[in-house]
Amino acid sequence: MPELAGPLAETQGCPRCEGEGESRVRLFGVDDQGRSICRWDTLLCPDCGGLGMIPAEQFAAWERGRRLRADRLSRNMSLRQEAQRLGISPRTLSNREWGRG
């Protein structure tokens, strides 16, 4: 494996896929006769793009978000309630809790 340079030199295992690079997901849809269907499939992890590793900075943001969510849940607050308390949109709070903002 080539040595990583720059911001990827310091990486952590991806927390979403646990370093696997992919995950099993259940997909729902409609077939060509209009019947509802569901099936299991394997998709690349959206956070690491299938590498199983993310930059240390991204991992730190994910950890901060995990702590924010744990704190909110320990106070029995819904995402909407907490967003309203903070004066931000639920989407912004969700992004922060997922380490994306």
# chains A, B, ... in the order shown; residues from 1 in each chain; ligands from 1

call {"tool": "residues_around", "arguments": {"residues": "A:Val25", "least_positions_apart": "5", "cutoff": "7 Å", "atoms": "only C-alpha atoms", "output": "list of chain:residue names"}}
result
A:Trp40, A:Asp41, A:Thr42

call {"tool": "select_by_dssp", "arguments": {"residues": "stretch 5-91 of chain A", "states": "strand (DSSP E)", "output": "PyMOL selection string"}}
result
chain A and resi 11-13+22-30+36-44+53-55

call {"tool": "residues_around", "arguments": {"residues": "A:Leu68", "least_positions_apart": "4", "cutoff": "8 Å", "atoms": "only C-alpha atoms", "output": "ChimeraX atom specification"}}
result
/A:64,72,97

call {"tool": "write_last_selection", "arguments": {"atoms": "N, CA, C and O atoms", "output": "PDB file, in the first residue's frame"}}
result
ATOM      1  N   ARG A  64     -17.042  14.846  17.813  1.00  0.00           N
ATOM      2  CA  ARG A  64     -17.737  15.995  18.420  1.00  0.00           C
ATOM      3  C   ARG A  64     -19.241  15.866  18.217  1.00  0.00           C
ATOM      4  O   ARG A  64     -20.029  16.099  19.139  1.00  0.00           O
ATOM      5  N   ARG A  72     -27.629  15.650  23.874  1.00  0.00           N
ATOM      6  CA  ARG A  72     -29.031  15.983  23.592  1.00  0.00           C
ATOM      7  C   ARG A  72     -29.948  14.855  24.052  1.00  0.00           C
ATOM      8  O   ARG A  72     -30.962  15.096  24.713  1.00  0.00           O
ATOM      9  N   GLU A  97     -24.325  16.906  14.156  1.00  0.00           N
ATOM     10  CA  GLU A  97     -24.284  15.639  14.882  1.00  0.00           C
ATOM     11  C   GLU A  97     -23.641  14.525  14.054  1.00  0.00           C
ATOM     12  O   GLU A  97     -23.109  13.576  14.610  1.00  0.00           O
TER      13      GLU A  97
END

call {"tool": "residues_around", "arguments": {"residues": "A:Ala60", "least_positions_apart": "5", "cutoff": "12 Å", "atoms": "only C-alpha atoms", "output": "PyMOL selection string"}}
result
chain A and resi 10-15+54-55+65-67+96-101

call {"tool": "write_last_selection", "arguments": {"atoms": "N, CA, C and O atoms", "output": "mmCIF file, in the first residue's frame"}}
result
data_model
loop_
_atom_site.group_PDB
_atom_site.id
_atom_site.type_symbol
_atom_site.label_atom_id
_atom_site.label_comp_id
_atom_site.auth_asym_id
_atom_site.auth_seq_id
_atom_site.Cartn_x
_atom_site.Cartn_y
_atom_site.Cartn_z
ATOM 1 N N GLU A 10 -2.525 11.338 8.321
ATOM 2 C CA GLU A 10 -3.038 10.930 9.630
ATOM 3 C C GLU A 10 -4.506 10.568 9.452
ATOM 4 O O GLU A 10 -5.338 11.429 9.225
ATOM 5 N N THR A 11 -4.793 9.278 9.522
ATOM 6 C CA THR A 11 -6.158 8.816 9.308
ATOM 7 C C THR A 11 -6.647 7.991 10.485
ATOM 8 O O THR A 11 -5.866 7.543 11.319
ATOM 9 N N GLN A 12 -7.941 7.805 10.510
ATOM 10 C CA GLN A 12 -8.608 6.980 11.516
ATOM 11 C C GLN A 12 -9.534 6.039 10.770
ATOM 12 O O GLN A 12 -9.960 6.327 9.652
ATOM 13 N N GLY A 13 -9.874 4.934 11.398
ATOM 14 C CA GLY A 13 -10.874 4.049 10.812
ATOM 15 C C GLY A 13 -12.208 4.769 10.732
ATOM 16 O O GLY A 13 -12.576 5.532 11.620
ATOM 17 N N CYS A 14 -12.910 4.568 9.653
ATOM 18 C CA CYS A 14 -14.200 5.231 9.454
ATOM 19 C C CYS A 14 -15.209 4.723 10.483
ATOM 20 O O CYS A 14 -15.427 3.513 10.596
ATOM 21 N N PRO A 15 -15.846 5.628 11.244
ATOM 22 C CA PRO A 15 -16.790 5.191 12.269
ATOM 23 C C PRO A 15 -18.109 4.679 11.694
ATOM 24 O O PRO A 15 -18.760 3.838 12.293
ATOM 25 N N ILE A 54 -10.759 7.620 7.213
ATOM 26 C CA ILE A 54 -11.062 9.037 6.994
ATOM 27 C C ILE A 54 -9.956 9.869 7.625
ATOM 28 O O ILE A 54 -9.265 9.401 8.535
ATOM 29 N N PRO A 55 -9.776 11.118 7.151
ATOM 30 C CA PRO A 55 -8.768 11.983 7.764
ATOM 31 C C PRO A 55 -9.059 12.195 9.251
ATOM 32 O O PRO A 55 -10.216 12.212 9.674
ATOM 33 N N GLY A 65 -19.639 15.503 17.018
ATOM 34 C CA GLY A 65 -21.057 15.343 16.717
ATOM 35 C C GLY A 65 -21.692 14.233 17.529
ATOM 36 O O GLY A 65 -22.823 14.356 18.008
ATOM 37 N N ARG A 66 -20.969 13.126 17.696
ATOM 38 C CA ARG A 66 -21.474 12.013 18.500
ATOM 39 C C ARG A 66 -21.718 12.457 19.933
ATOM 40 O O ARG A 66 -22.723 12.117 20.556
ATOM 41 N N ARG A 67 -20.784 13.272 20.459
ATOM 42 C CA ARG A 67 -20.954 13.780 21.831
ATOM 43 C C ARG A 67 -22.131 14.746 21.922
ATOM 44 O O ARG A 67 -22.878 14.733 22.908
ATOM 45 N N ARG A 96 -24.375 18.758 12.070
ATOM 46 C CA ARG A 96 -23.349 18.866 13.114
ATOM 47 C C ARG A 96 -23.203 17.547 13.868
ATOM 48 O O ARG A 96 -22.080 17.130 14.165
ATOM 49 N N GLU A 97 -24.325 16.906 14.156
ATOM 50 C CA GLU A 97 -24.284 15.639 14.882
ATOM 51 C C GLU A 97 -23.641 14.525 14.054
ATOM 52 O O GLU A 97 -23.109 13.576 14.610
ATOM 53 N N TRP A 98 -23.680 14.641 12.733
ATOM 54 C CA TRP A 98 -23.047 13.665 11.853
ATOM 55 C C TRP A 98 -21.631 14.087 11.474
ATOM 56 O O TRP A 98 -20.995 13.460 10.639
ATOM 57 N N GLY A 99 -21.142 15.180 12.075
ATOM 58 C CA GLY A 99 -19.779 15.630 11.807
ATOM 59 C C GLY A 99 -19.601 16.341 10.488
ATOM 60 O O GLY A 99 -18.500 16.449 9.978
ATOM 61 N N ARG A 100 -20.699 16.841 9.936
ATOM 62 C CA ARG A 100 -20.622 17.499 8.632
ATOM 63 C C ARG A 100 -20.746 19.016 8.714
ATOM 64 O O ARG A 100 -20.833 19.674 7.700
ATOM 65 N N GLY A 101 -20.768 19.563 9.890
ATOM 66 C CA GLY A 101 -20.952 21.007 9.938
ATOM 67 C C GLY A 101 -20.453 21.619 11.201
ATOM 68 O O GLY A 101 -20.062 21.034 12.127
#

call {"tool": "select_by_dssp", "arguments": {"residues": "chain A", "states": "alpha helix (DSSP H)", "output": "PyMOL selection string"}}
result
chain A and resi 56-74+79-86+90-97

call {"tool": "write_last_selection", "arguments": {"atoms": "N, CA, C and O atoms", "output": "tab-separated table (two decimals), in the first residue's frame"}}
result
chain	number	residue	atom	x	y	z
A	56	ALA	N	-8.01	12.37	10.03
A	56	ALA	CA	-8.15	12.56	11.48
A	56	ALA	C	-9.07	13.73	11.80
A	56	ALA	O	-9.84	13.67	12.76
A	57	GLU	N	-9.02	14.80	10.99
A	57	GLU	CA	-9.88	15.97	11.23
A	57	GLU	C	-11.35	15.60	11.08
A	57	GLU	O	-12.19	16.04	11.86
A	58	GLN	N	-11.66	14.80	10.07
A	58	GLN	CA	-13.03	14.37	9.85
A	58	GLN	C	-13.49	13.46	10.98
A	58	GLN	O	-14.62	13.55	11.45
A	59	PHE	N	-12.60	12.59	11.46
A	59	PHE	CA	-12.93	11.73	12.58
A	59	PHE	C	-13.21	12.56	13.83
A	59	PHE	O	-14.15	12.29	14.57
A	60	ALA	N	-12.40	13.60	14.06
A	60	ALA	CA	-12.61	14.47	15.23
A	60	ALA	C	-13.97	15.16	15.15
A	60	ALA	O	-14.67	15.28	16.15
A	61	ALA	N	-14.36	15.61	13.94
A	61	ALA	CA	-15.66	16.26	13.76
A	61	ALA	C	-16.77	15.25	14.04
A	61	ALA	O	-17.79	15.58	14.67
A	62	TRP	N	-16.60	14.00	13.59
A	62	TRP	CA	-17.59	12.97	13.85
A	62	TRP	C	-17.71	12.72	15.35
A	62	TRP	O	-18.82	12.58	15.87
A	63	GLU	N	-16.59	12.67	16.04
A	63	GLU	CA	-16.60	12.46	17.50
A	63	GLU	C	-17.32	13.61	18.22
A	63	GLU	O	-18.09	13.37	19.15
A	64	ARG	N	-17.04	14.85	17.81
A	64	ARG	CA	-17.74	16.00	18.42
A	64	ARG	C	-19.24	15.87	18.22
A	64	ARG	O	-20.03	16.10	19.14
A	65	GLY	N	-19.64	15.50	17.02
A	65	GLY	CA	-21.06	15.34	16.72
A	65	GLY	C	-21.69	14.23	17.53
A	65	GLY	O	-22.82	14.36	18.01
A	66	ARG	N	-20.97	13.13	17.70
A	66	ARG	CA	-21.47	12.01	18.50
A	66	ARG	C	-21.72	12.46	19.93
A	66	ARG	O	-22.72	12.12	20.56
A	67	ARG	N	-20.78	13.27	20.46
A	67	ARG	CA	-20.95	13.78	21.83
A	67	ARG	C	-22.13	14.75	21.92
A	67	ARG	O	-22.88	14.73	22.91
A	68	LEU	N	-22.31	15.60	20.90
A	68	LEU	CA	-23.46	16.52	20.89
A	68	LEU	C	-24.77	15.73	20.95
A	68	LEU	O	-25.68	16.06	21.71
A	69	ARG	N	-24.85	14.69	20.12
A	69	ARG	CA	-26.08	13.89	20.07
A	69	ARG	C	-26.30	13.17	21.40
A	69	ARG	O	-27.43	13.14	21.92
A	70	ALA	N	-25.25	12.61	21.97
A	70	ALA	CA	-25.39	11.91	23.25
A	70	ALA	C	-25.86	12.87	24.34
A	70	ALA	O	-26.72	12.52	25.16
A	71	ASP	N	-25.33	14.09	24.34
A	71	ASP	CA	-25.75	15.09	25.32
A	71	ASP	C	-27.23	15.44	25.14
A	71	ASP	O	-27.98	15.48	26.10
A	72	ARG	N	-27.63	15.65	23.87
A	72	ARG	CA	-29.03	15.98	23.59
A	72	ARG	C	-29.95	14.85	24.05
A	72	ARG	O	-30.96	15.10	24.71
A	73	LEU	N	-29.59	13.62	23.73
A	73	LEU	CA	-30.43	12.49	24.11
A	73	LEU	C	-30.47	12.28	25.62
A	73	LEU	O	-31.50	11.87	26.16
A	74	SER	N	-29.38	12.59	26.31
A	74	SER	CA	-29.36	12.44	27.77
A	74	SER	C	-30.33	13.42	28.43
A	74	SER	O	-30.77	13.20	29.55
A	79	LEU	N	-34.48	16.19	18.19
A	79	LEU	CA	-33.65	17.00	17.30
A	79	LEU	C	-34.31	18.35	17.06
A	79	LEU	O	-33.67	19.40	17.13
A	80	ARG	N	-35.61	18.35	16.81
A	80	ARG	CA	-36.33	19.62	16.56
A	80	ARG	C	-36.33	20.53	17.79
A	80	ARG	O	-36.13	21.73	17.67
A	81	GLN	N	-36.54	19.94	18.96
A	81	GLN	CA	-36.55	20.75	20.18
A	81	GLN	C	-35.18	21.39	20.41
A	81	GLN	O	-35.09	22.58	20.74
A	82	GLU	N	-34.12	20.61	20.25
A	82	GLU	CA	-32.78	21.14	20.47
A	82	GLU	C	-32.43	22.20	19.44
A	82	GLU	O	-31.85	23.24	19.77
A	83	ALA	N	-32.81	21.98	18.19
A	83	ALA	CA	-32.55	22.98	17.14
A	83	ALA	C	-33.28	24.28	17.46
A	83	ALA	O	-32.69	25.37	17.32
A	84	GLN	N	-34.51	24.17	17.90
A	84	GLN	CA	-35.27	25.37	18.26
A	84	GLN	C	-34.61	26.09	19.43
A	84	GLN	O	-34.47	27.31	19.43
A	85	ARG	N	-34.17	25.34	20.43
A	85	ARG	CA	-33.50	25.94	21.60
A	85	ARG	C	-32.24	26.68	21.17
A	85	ARG	O	-31.94	27.75	21.69
A	86	LEU	N	-31.50	26.11	20.21
A	86	LEU	CA	-30.26	26.72	19.74
A	86	LEU	C	-30.47	27.81	18.70
A	86	LEU	O	-29.53	28.52	18.34
A	90	PRO	N	-33.26	22.19	12.14
A	90	PRO	CA	-32.99	20.79	12.45
A	90	PRO	C	-31.95	20.18	11.50
A	90	PRO	O	-31.14	19.37	11.92
A	91	ARG	N	-31.96	20.59	10.24
A	91	ARG	CA	-30.98	20.07	9.28
A	91	ARG	C	-29.56	20.46	9.69
A	91	ARG	O	-28.64	19.65	9.62
A	92	THR	N	-29.37	21.71	10.12
A	92	THR	CA	-28.05	22.16	10.55
A	92	THR	C	-27.58	21.36	11.75
A	92	THR	O	-26.43	20.91	11.81
A	93	LEU	N	-28.48	21.15	12.72
A	93	LEU	CA	-28.11	20.36	13.89
A	93	LEU	C	-27.78	18.93	13.50
A	93	LEU	O	-26.79	18.36	13.98
A	94	SER	N	-28.59	18.33	12.64
A	94	SER	CA	-28.32	16.97	12.19
A	94	SER	C	-26.95	16.89	11.51
A	94	SER	O	-26.17	15.97	11.79
A	95	ASN	N	-26.63	17.85	10.67
A	95	ASN	CA	-25.32	17.87	10.02
A	95	ASN	C	-24.19	17.94	11.05
A	95	ASN	O	-23.18	17.27	10.92
A	96	ARG	N	-24.37	18.76	12.07
A	96	ARG	CA	-23.35	18.87	13.11
A	96	ARG	C	-23.20	17.55	13.87
A	96	ARG	O	-22.08	17.13	14.17
A	97	GLU	N	-24.33	16.91	14.16
A	97	GLU	CA	-24.28	15.64	14.88
A	97	GLU	C	-23.64	14.52	14.05
A	97	GLU	O	-23.11	13.58	14.61

call {"tool": "atom_distance", "arguments": {"atom1": "atom CA of A:Arg26", "atom2": "atom CA of A:Ser78"}}
result
25.4 Å

call {"tool": "residues_around", "arguments": {"residues": "A:Arg16", "least_positions_apart": "6", "cutoff": "10 Å", "atoms": "only C-alpha atoms", "output": "PyMOL selection string"}}
result
chain A and resi 22-23+45-48+52+62+98

call {"tool": "write_last_selection", "arguments": {"atoms": "C-alpha atoms", "output": "compact mmCIF listing (two decimals), in the first residue's frame"}}
result
# COMPACT_ATOMS: atom_id res chain seq x y z
CA GLU A 22 -18.98 -0.67 2.73
CA SER A 23 -22.13 -1.62 4.52
CA CYS A 45 -19.68 3.99 2.69
CA PRO A 46 -20.68 7.59 1.93
CA ASP A 47 -18.22 8.97 4.50
CA CYS A 48 -15.01 7.23 3.41
CA GLY A 52 -12.42 2.39 5.34
CA TRP A 62 -17.59 12.97 13.85
CA TRP A 98 -23.05 13.66 11.85

call {"tool": "atom_distance", "arguments": {"atom1": "atom CA of A:Leu43", "atom2": "atom CA of A:Arg24"}}
result
6.5 Å
